Amino acid sequence: MRISLGRFVPGDSLIHRADPRTKLIWTIVMMVLVLMCSSWWQYLTAAVFVIGCFALSGISFKYILMSLRPIMLLLAITVIFNLLFFKGTDVLFTLGALTVYKEGVLQSVKTIIRVSLLIISASLLTYTTSSVAITDGMESLMRPLAKIGFPAHEVAMMMSIALRFVPTFADETDKIMKAQAARGADFDSGNVFKKVKSYIPVLIPLFVGAFKSAEDMATAMESRCYKGGKGRTRYKVLKFSSADLIMLIVTLVFTATVILLKYVFKI
């Protein structure tokens with residue numbers, strides 16, 4: 001089970017060198033704009049922009065497949081529901097009680113594109129930014145909220161740790177399943193209820209390992225005198241550079257393009 005979300009791929013590309021705050025803003029803007037897309041031209045523009053940024057990062061495109069693999073089942077279920085329940089006027093074919101409309105097929109394709117672009121955008125952030133940099137970036141962006149009592153540092157730390165442990169627990173699950181399979185466990189045969197039941201021996205050691213990892217991390221943080229964000233200094237101070245300016249300009253151009261296509265040209 002290879003889950004790529006939360007993995008950091010070292011590099012020296014323009015996107016790697018950009019400030020984490022810039023990349024966080026870029027990710028949020030990308031997700032909002034992708035959700036705004038409704039026409040094929042808008043989806044094409046978003047896809048070109050996201051894939052172009054991915055290529056600019058210098059990361060192998062195999063990581064795109066790694067990002068999308070965990071949601072394949074979700075996409076398949078979404079497509080099935082669209083084909084079954086999305087009604088339209090142009091009938092493609094009828095099979096018994098099942099009627100598939102052209103609009104349902106098009107809606108399924110749009111859903112696949114939208115979800116895929118959202119996952120790729122989020123994955124690009126974690127591929128090019130370490131967990132420490134993401135924590136610093138989120139804390140810096142939420143710092144104004146600290147004036148009204150919002151625990152910016154603690155929230156940023158929790159989100160970063162949770163994100164970092166996604167691939168760790170995925171690898172641990174893979175190891176446990178292989179160990180169980182070596183002892184004769186069968187995760188593939190039988191009906192749905194038997195398959196769910198076969199995963200119970202995996203969940204128990206996984207939860208035990210999760211609690212142990214949490215305890216070890218808490219002990220390590222206490223031994224290093226971690227007391228929260230107050231009074232803490234950083235080895236690397238966040239500063240905006242020319243890479244951030246380029247990313248912001250390109251993002252503004254993309255934002256303007258999508259808005260023009262949607263509200264001005266209406267295509």
# chains A, B, ... in the order shown; residues from 1 in each chain; ligands from 1

call {"tool": "residues_around", "arguments": {"residues": "Tyr199 (chain A)", "least_positions_apart": "4", "cutoff": "12 Å", "atoms": "only C-alpha atoms", "output": "ChimeraX atom specification"}}
result
/A:173-174,176-177,180-181,185-188,192-195,203-206

call {"tool": "closest_atom_pairs", "arguments": {"of": "region 164-220 of chain A", "to": "region 120-127 of chain A", "cutoff": "12 Å", "atoms": "only C-alpha atoms", "output": "tab-separated table"}}
result
residue	atom	partner	partner_atom	distance
A:Arg164	CA	A:Thr126	CA	9.1
A:Val166	CA	A:Thr126	CA	11.4
A:Pro167	CA	A:Thr126	CA	11.2

call {"tool": "atom_distance", "arguments": {"atom1": "CA of Phe93 (chain A)", "atom2": "CA of Leu106 (chain A)"}}
result
14.4 Å

call {"tool": "residues_around", "arguments": {"residues": "Leu24 (chain A)", "least_positions_apart": "2", "cutoff": "10 Å", "atoms": "only C-alpha atoms", "output": "list in words"}}
result
Asp19, Pro20, Arg21, Thr22, Trp26, Thr27, Ile28, Val29, Met30, Ala122, Leu125, Thr126, Thr129, Ile134, Gly137, Met138 and Leu141 of chain A

call {"tool": "atom_distance", "arguments": {"atom1": "CA of Met31 (chain A)", "atom2": "CA of Leu118 (chain A)"}}
result
5.8 Å

call {"tool": "atom_distance", "arguments": {"atom1": "CA of Glu154 (chain A)", "atom2": "CA of Arg234 (chain A)"}}
result
15.6 Å

call {"tool": "residues_around", "arguments": {"residues": "Ser38 (chain A)", "least_positions_apart": "2", "cutoff": "12 Å", "atoms": "only C-alpha atoms", "output": "list in words"}}
result
Leu33, Val34, Leu35, Met36, Trp40, Trp41, Gln42, Tyr43, Leu44, Thr45, Ala46, Leu106, Gln107, Val109, Lys110, Thr111, Ile113, Arg114, Val258, Ile259, Leu261, Lys262, Tyr263, Lys266 and Ile267 of chain A

call {"tool": "residues_around", "arguments": {"residues": "region 75-79 of chain A", "least_positions_apart": "4", "cutoff": "7 Å", "atoms": "only C-alpha atoms", "output": "list in words"}}
result
Ile71, Leu83, Ser108 and Ile112 of chain A

call {"tool": "write_last_selection", "arguments": {"atoms": "N, CA and C atoms", "output": "short mmCIF file (atom, residue, chain, number, x, y, z; two decimals), in the first residue's frame"}}
result
data_model
loop_
_atom_site.label_atom_id
_atom_site.label_comp_id
_atom_site.auth_asym_id
_atom_site.auth_seq_id
_atom_site.Cartn_x
_atom_site.Cartn_y
_atom_site.Cartn_z
N ILE A 71 -7.45 6.61 -4.27
CA ILE A 71 -8.83 7.08 -4.46
C ILE A 71 -9.49 6.43 -5.66
N LEU A 83 -23.67 7.36 -13.32
CA LEU A 83 -24.29 6.64 -14.43
C LEU A 83 -25.68 6.12 -14.06
N SER A 108 -19.57 12.20 -15.05
CA SER A 108 -18.61 11.28 -14.45
C SER A 108 -17.18 11.67 -14.83
N ILE A 112 -14.16 12.92 -12.26
CA ILE A 112 -12.83 12.29 -12.21
C ILE A 112 -11.74 13.35 -12.36
#

call {"tool": "closest_residue", "arguments": {"among": "A:Ser116, A:Thr251, A:Thr257, A:Asn191", "to": "Arg69 (chain A)", "atoms": "only C-alpha atoms"}}
result
A:Ser116

call {"tool": "residues_around", "arguments": {"residues": "Ile246 (chain A)", "least_positions_apart": "2", "cutoff": "12 Å", "atoms": "only C-alpha atoms", "output": "JSON, numbers by chain"}}
result
{"A": [14, 15, 17, 18, 19, 22, 23, 26, 53, 240, 241, 242, 243, 244, 248, 249, 250, 251, 252, 253]}

call {"tool": "write_last_selection", "arguments": {"atoms": "N, CA and C atoms", "output": "short mmCIF file (atom, residue, chain, number, x, y, z; two decimals), in the first residue's frame"}}
result
data_model
loop_
_atom_site.label_atom_id
_atom_site.label_comp_id
_atom_site.auth_asym_id
_atom_site.auth_seq_id
_atom_site.Cartn_x
_atom_site.Cartn_y
_atom_site.Cartn_z
N LEU A 14 12.33 25.26 -8.88
CA LEU A 14 11.74 26.55 -8.51
C LEU A 14 10.68 26.38 -7.43
N ILE A 15 9.88 25.34 -7.56
CA ILE A 15 8.81 25.11 -6.59
C ILE A 15 9.39 24.64 -5.26
N ARG A 17 12.18 25.58 -4.00
CA ARG A 17 12.82 26.73 -3.35
C ARG A 17 11.81 27.78 -2.88
N ALA A 18 10.59 27.70 -3.33
CA ALA A 18 9.58 28.69 -2.96
C ALA A 18 9.25 28.60 -1.47
N ASP A 19 8.82 29.71 -0.92
CA ASP A 19 8.43 29.78 0.48
C ASP A 19 7.21 28.88 0.72
N THR A 22 3.87 30.55 0.31
CA THR A 22 3.44 30.73 -1.08
C THR A 22 2.79 29.47 -1.61
N LYS A 23 3.38 28.32 -1.29
CA LYS A 23 2.85 27.05 -1.78
C LYS A 23 1.52 26.70 -1.11
N TRP A 26 -0.94 28.89 -2.85
CA TRP A 26 -1.13 28.33 -4.19
C TRP A 26 -2.07 27.13 -4.16
N CYS A 53 2.96 22.74 -13.47
CA CYS A 53 3.64 22.95 -12.19
C CYS A 53 4.31 21.66 -11.72
N PHE A 240 10.41 35.62 1.58
CA PHE A 240 9.94 35.55 0.20
C PHE A 240 11.10 35.86 -0.75
N SER A 241 11.11 35.14 -1.88
CA SER A 241 12.20 35.30 -2.85
C SER A 241 11.61 35.49 -4.24
N SER A 242 12.50 35.51 -5.23
CA SER A 242 12.04 35.65 -6.62
C SER A 242 11.19 34.47 -7.06
N ALA A 243 11.47 33.28 -6.51
CA ALA A 243 10.67 32.10 -6.84
C ALA A 243 9.22 32.29 -6.41
N ASP A 244 9.03 32.92 -5.25
CA ASP A 244 7.67 33.18 -4.77
C ASP A 244 6.97 34.19 -5.66
N LEU A 248 3.50 33.45 -7.65
CA LEU A 248 2.32 34.28 -7.42
C LEU A 248 1.82 34.92 -8.71
N ILE A 249 2.74 35.37 -9.56
CA ILE A 249 2.35 35.97 -10.84
C ILE A 249 1.66 34.94 -11.73
N VAL A 250 2.27 33.75 -11.83
CA VAL A 250 1.68 32.69 -12.66
C VAL A 250 0.31 32.28 -12.12
N THR A 251 0.19 32.21 -10.79
CA THR A 251 -1.09 31.85 -10.18
C THR A 251 -2.14 32.90 -10.46
N LEU A 252 -1.76 34.17 -10.40
CA LEU A 252 -2.70 35.25 -10.72
C LEU A 252 -3.15 35.19 -12.18
N VAL A 253 -2.21 34.88 -13.07
CA VAL A 253 -2.57 34.74 -14.49
C VAL A 253 -3.55 33.60 -14.68
#

call {"tool": "select_by_dssp", "arguments": {"residues": "region 196-256 of chain A", "states": "alpha helix (DSSP H)", "output": "VMD selection string"}}
result
chain A and resid 196 to 198 200 to 223 242 to 256

call {"tool": "select_by_dssp", "arguments": {"residues": "region 35-112 of chain A", "states": "strand (DSSP E)", "output": "ChimeraX atom specification"}}
result
/A:91-95,98-101

call {"tool": "closest_residue", "arguments": {"among": "A:Ala218, A:Ser60, A:Met142, A:Arg7", "to": "Ile25 (chain A)", "atoms": "only C-alpha atoms"}}
result
A:Met142
